[in-house]
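All remarks here apply to the structure that follows.
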Amino acid sequence: MFLEFDEVTLRFSGLVALKGVSLTVNEGGIFAIIGPNGAGKSTMLNCLSRIYTPQQGAIRFLGENLLRVAPDRIKACGIGRSFQNMELFSKMTVEDNLLVGYHCALPSNPFSEAVGWYKARSREREARERVQRVLESLGIASYSRQTAGNLPYGIQKKVDVGRALMGDPRLLLLDEPAAGLNELETEELGHWISDIKRAMKTTVVMIEHDMNLVMSISDRIAVLDFGELIAVGTPVEIRQDERVIRAYLGQEA
Ligand SMILES: Nc1ncnc2c1ncn2[C@@H]1O[C@H](COP(=O)(O)OP(=O)(O)OP(=O)(O)O)[C@@H](O)[C@H]1O
């Protein structure tokens with residue numbers, strides 16, 4: 001099994017943010033998590049990236065219980081994450097922002113650190129080549145030497161995703177990637193998320209409020225309502241699900 005939530009419950013004092021959520025995600029697709037405000041979507045993503053620890057249940061990624069993995073080992077496990085409020089190093093170049101992502105993903109090993117100059121140089125070259133590949137795959141290679149903080153918002157979002165891709169993740173978590181983008185930028189975003197899936201063979205789990213985007217690119221969708229998983233299915237199944245229409249999509253109809 002690629003990724004599995006098994007009866008995950010998380011409480012914040014009296015509030016149950018996730019109520020025994022169980023679901024599976026297959027490798028190779030785009031899996032969206034949707035639901036009204038406060039439904040528990042970010043909490044799910046934060047459990048996956050080990051920012052929060054549920055009180056009950058297990059989250060298995062490639063057979064390993066992630067809840068036993070230290071938060072700083074998540075990247076090394078093959079999970080990359082973008083953030084809704086991007087935390088780019090605004091005064092650094094795009095290239096250097098991605099290099100930071102790469103070095104964070106490398107397993108630290110005191111022996112290899114000590115091998116010295118030659119290894120360090122070849123690692124550096126390897127890292128810069130990877131930066132170029134990732135930037136090209138996102139269509140932003142021409143911004144490589146520019147200062148991140150000066151770039152348009154849509155490009156900064158791509159830089160943030162590029163950073164998450166530097167560790168060559170098998171699972172990429174996207175937190176509201178379309179937030180703050182206009183209609184055209186959102187459409188373009190849909191194309192490149194699909195490209196990432198194809199070209200980099202990365203499975204994508206994303207939280208998103210933009211229903212057009214969710215319905216057009218997702219292979220499967222999970223719907224949360226008040227911390228409860230109320231439906232999982234293909235976009236066609238989700239559109240027709242009575243509980244979903246009542247809880248969420250109905251609000252927009
Ligand atoms: N750190 C926290 N401490 C206390 N309560 C929290 C915390 N984080 C989230 N919550 C609460 O847990 C519930 C689920 O929140 P969560 O952010 O996961 O929802 P969401 O579906 O991502 O909402 P949105 O779409 O508005 O981002 C909400 O009632 C929220 O107020």
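How things are named: the first chain in the structure tokens is A, the next is B, and so on; residues count from 1 in each chain; ligands count from 1 in the order shown.
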Compile the contact shell of segment 160-171 of chain A as a count of residues only: residues with an atom at most 8 Å away, counting only C-alpha atoms, same-chain residues fewer than 3 positions apart removed.
33
Contacts of ligand 1, 7 Å or closer, only C-alpha atoms and all ligand atoms, given as a compact mmCIF listing (two decimals) with C-alpha atoms, in the first residue's frame:
# COMPACT_ATOMS: atom_id res chain seq x y z
CA PHE A 12 -7.41 19.91 19.97
CA LEU A 15 -12.50 19.79 19.51
CA ALA A 17 -10.54 17.82 14.20
CA GLY A 35 -14.40 20.10 2.46
CA PRO A 36 -15.85 23.27 3.98
CA ASN A 37 -13.77 25.61 6.13
CA GLY A 38 -12.69 23.95 9.36
CA ALA A 39 -13.42 20.44 8.03
CA GLY A 40 -9.97 19.13 8.95
CA LYS A 41 -8.11 19.28 5.60
CA SER A 42 -5.01 21.13 6.84
CA THR A 43 -4.99 18.95 9.94
CA MET A 44 -4.77 15.88 7.68
CA GLY A 227 -13.50 16.04 10.81
Residues near Thr93 of chain A, anyone? I mean within 8 Å using only C-alpha atoms, not counting same-chain ones fewer than 2 positions away, as a PyMOL selection string.
chain A and resi 90-91+95-97+144-148
Per residue of segment 188-232 of chain A within 8 Å of segment 176-182 of chain A, record the nearest atom pair and its distance in Å to one decimal, counting only C-alpha atoms, with rows in chain order and ascending residue number, as a Markdown table.
| residue | atom | partner | partner_atom | distance |
| --- | --- | --- | --- | --- |
| A:Leu189 | CA | A:Ala178 | CA | 7.3 |
| A:Met206 | CA | A:Glu176 | CA | 6.9 |
| A:Ile207 | CA | A:Glu176 | CA | 5.2 |
| A:Glu208 | CA | A:Glu176 | CA | 4.5 |
| A:His209 | CA | A:Glu176 | CA | 6.9 |
| A:Asp210 | CA | A:Ala178 | CA | 7.0 |
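Distances to Met92 of chain A were evaluated for A:Ser218, A:Asn26, A:Gln240, A:Asn150 using only C-alpha atoms, and the minimum falls at A:Asn150.
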Residue neighbourhood segment 48-59 of chain A, 7 Å, only C-alpha atoms, exclusion window fewer than 6 positions, as a ChimeraX atom specification:
/A:4-10,65-67,71,74
For the residues in that selection, give me C-alpha atoms as a short mmCIF file (atom, residue, chain, number, x, y, z; two decimals), in the first residue's frame.
data_model
loop_
_atom_site.label_atom_id
_atom_site.label_comp_id
_atom_site.auth_asym_id
_atom_site.auth_seq_id
_atom_site.Cartn_x
_atom_site.Cartn_y
_atom_site.Cartn_z
CA GLU A 4 -2.94 4.71 4.24
CA PHE A 5 -4.78 6.61 6.99
CA ASP A 6 -6.01 4.05 9.49
CA GLU A 7 -8.62 5.27 12.01
CA VAL A 8 -6.82 8.58 12.56
CA THR A 9 -8.28 10.74 15.33
CA LEU A 10 -6.87 14.10 16.35
CA ASN A 65 4.07 4.04 10.33
CA LEU A 66 4.83 7.73 9.80
CA LEU A 67 3.81 8.53 13.37
CA PRO A 71 9.35 15.16 11.88
CA ILE A 74 9.92 13.22 6.66
#
Selected residue of minimal separation from Lys197 of chain A among A:Val25, A:Val94, A:Ile155, A:Ile30, counting only C-alpha atoms
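That would be A:Ile30, the residue with the smallest distance to Lys197 of chain A.
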What's around segment 183-188 of chain A at 8 Å? Count only C-alpha atoms, leave out sequence neighbours fewer than 4 positions away in its own chain, and write the answer as a ChimeraX atom specification.
/A:154,178,192,213
Save out the residues we just selected, all heavy atoms, as a JSON list (two decimals), in the first residue's frame.
[["chain", "number", "residue", "atom", "x", "y", "z"],
["A", 154, "GLY", "N", 2.64, 34.11, -8.82],
["A", 154, "GLY", "CA", 2.47, 32.79, -9.46],
["A", 154, "GLY", "C", 3.81, 32.08, -9.64],
["A", 154, "GLY", "O", 3.90, 30.86, -9.48],
["A", 178, "ALA", "N", -3.80, 26.78, -5.55],
["A", 178, "ALA", "CA", -4.42, 27.82, -6.39],
["A", 178, "ALA", "C", -4.75, 29.09, -5.61],
["A", 178, "ALA", "O", -5.17, 30.08, -6.21],
["A", 178, "ALA", "CB", -5.68, 27.29, -7.06],
["A", 192, "TRP", "N", 0.53, 22.11, -15.01],
["A", 192, "TRP", "CA", 1.84, 21.68, -14.50],
["A", 192, "TRP", "C", 1.77, 20.70, -13.34],
["A", 192, "TRP", "O", 2.66, 19.90, -13.15],
["A", 192, "TRP", "CB", 2.85, 22.82, -14.33],
["A", 192, "TRP", "CG", 2.60, 23.93, -13.36],
["A", 192, "TRP", "CD1", 2.15, 25.16, -13.65],
["A", 192, "TRP", "CD2", 2.86, 23.92, -11.95],
["A", 192, "TRP", "NE1", 2.08, 25.92, -12.51],
["A", 192, "TRP", "CE2", 2.52, 25.20, -11.46],
["A", 192, "TRP", "CE3", 3.34, 22.97, -11.05],
["A", 192, "TRP", "CZ2", 2.64, 25.54, -10.12],
["A", 192, "TRP", "CZ3", 3.45, 23.31, -9.72],
["A", 192, "TRP", "CH2", 3.11, 24.57, -9.27],
["A", 213, "LEU", "N", -10.58, 23.29, -10.56],
["A", 213, "LEU", "CA", -9.26, 22.65, -10.60],
["A", 213, "LEU", "C", -9.33, 21.23, -10.06],
["A", 213, "LEU", "O", -8.85, 20.28, -10.69],
["A", 213, "LEU", "CB", -8.26, 23.49, -9.78],
["A", 213, "LEU", "CG", -6.85, 22.92, -9.68],
["A", 213, "LEU", "CD1", -6.17, 22.91, -11.04],
["A", 213, "LEU", "CD2", -5.99, 23.70, -8.69]]
Which value, in Å to one decimal, gives the distance between atom CA of Gly233 of chain A and atom CA of Ile34 of chain A?
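Interatomic distance, atom CA of Gly233 of chain A to atom CA of Ile34 of chain A: 11.7 Å.
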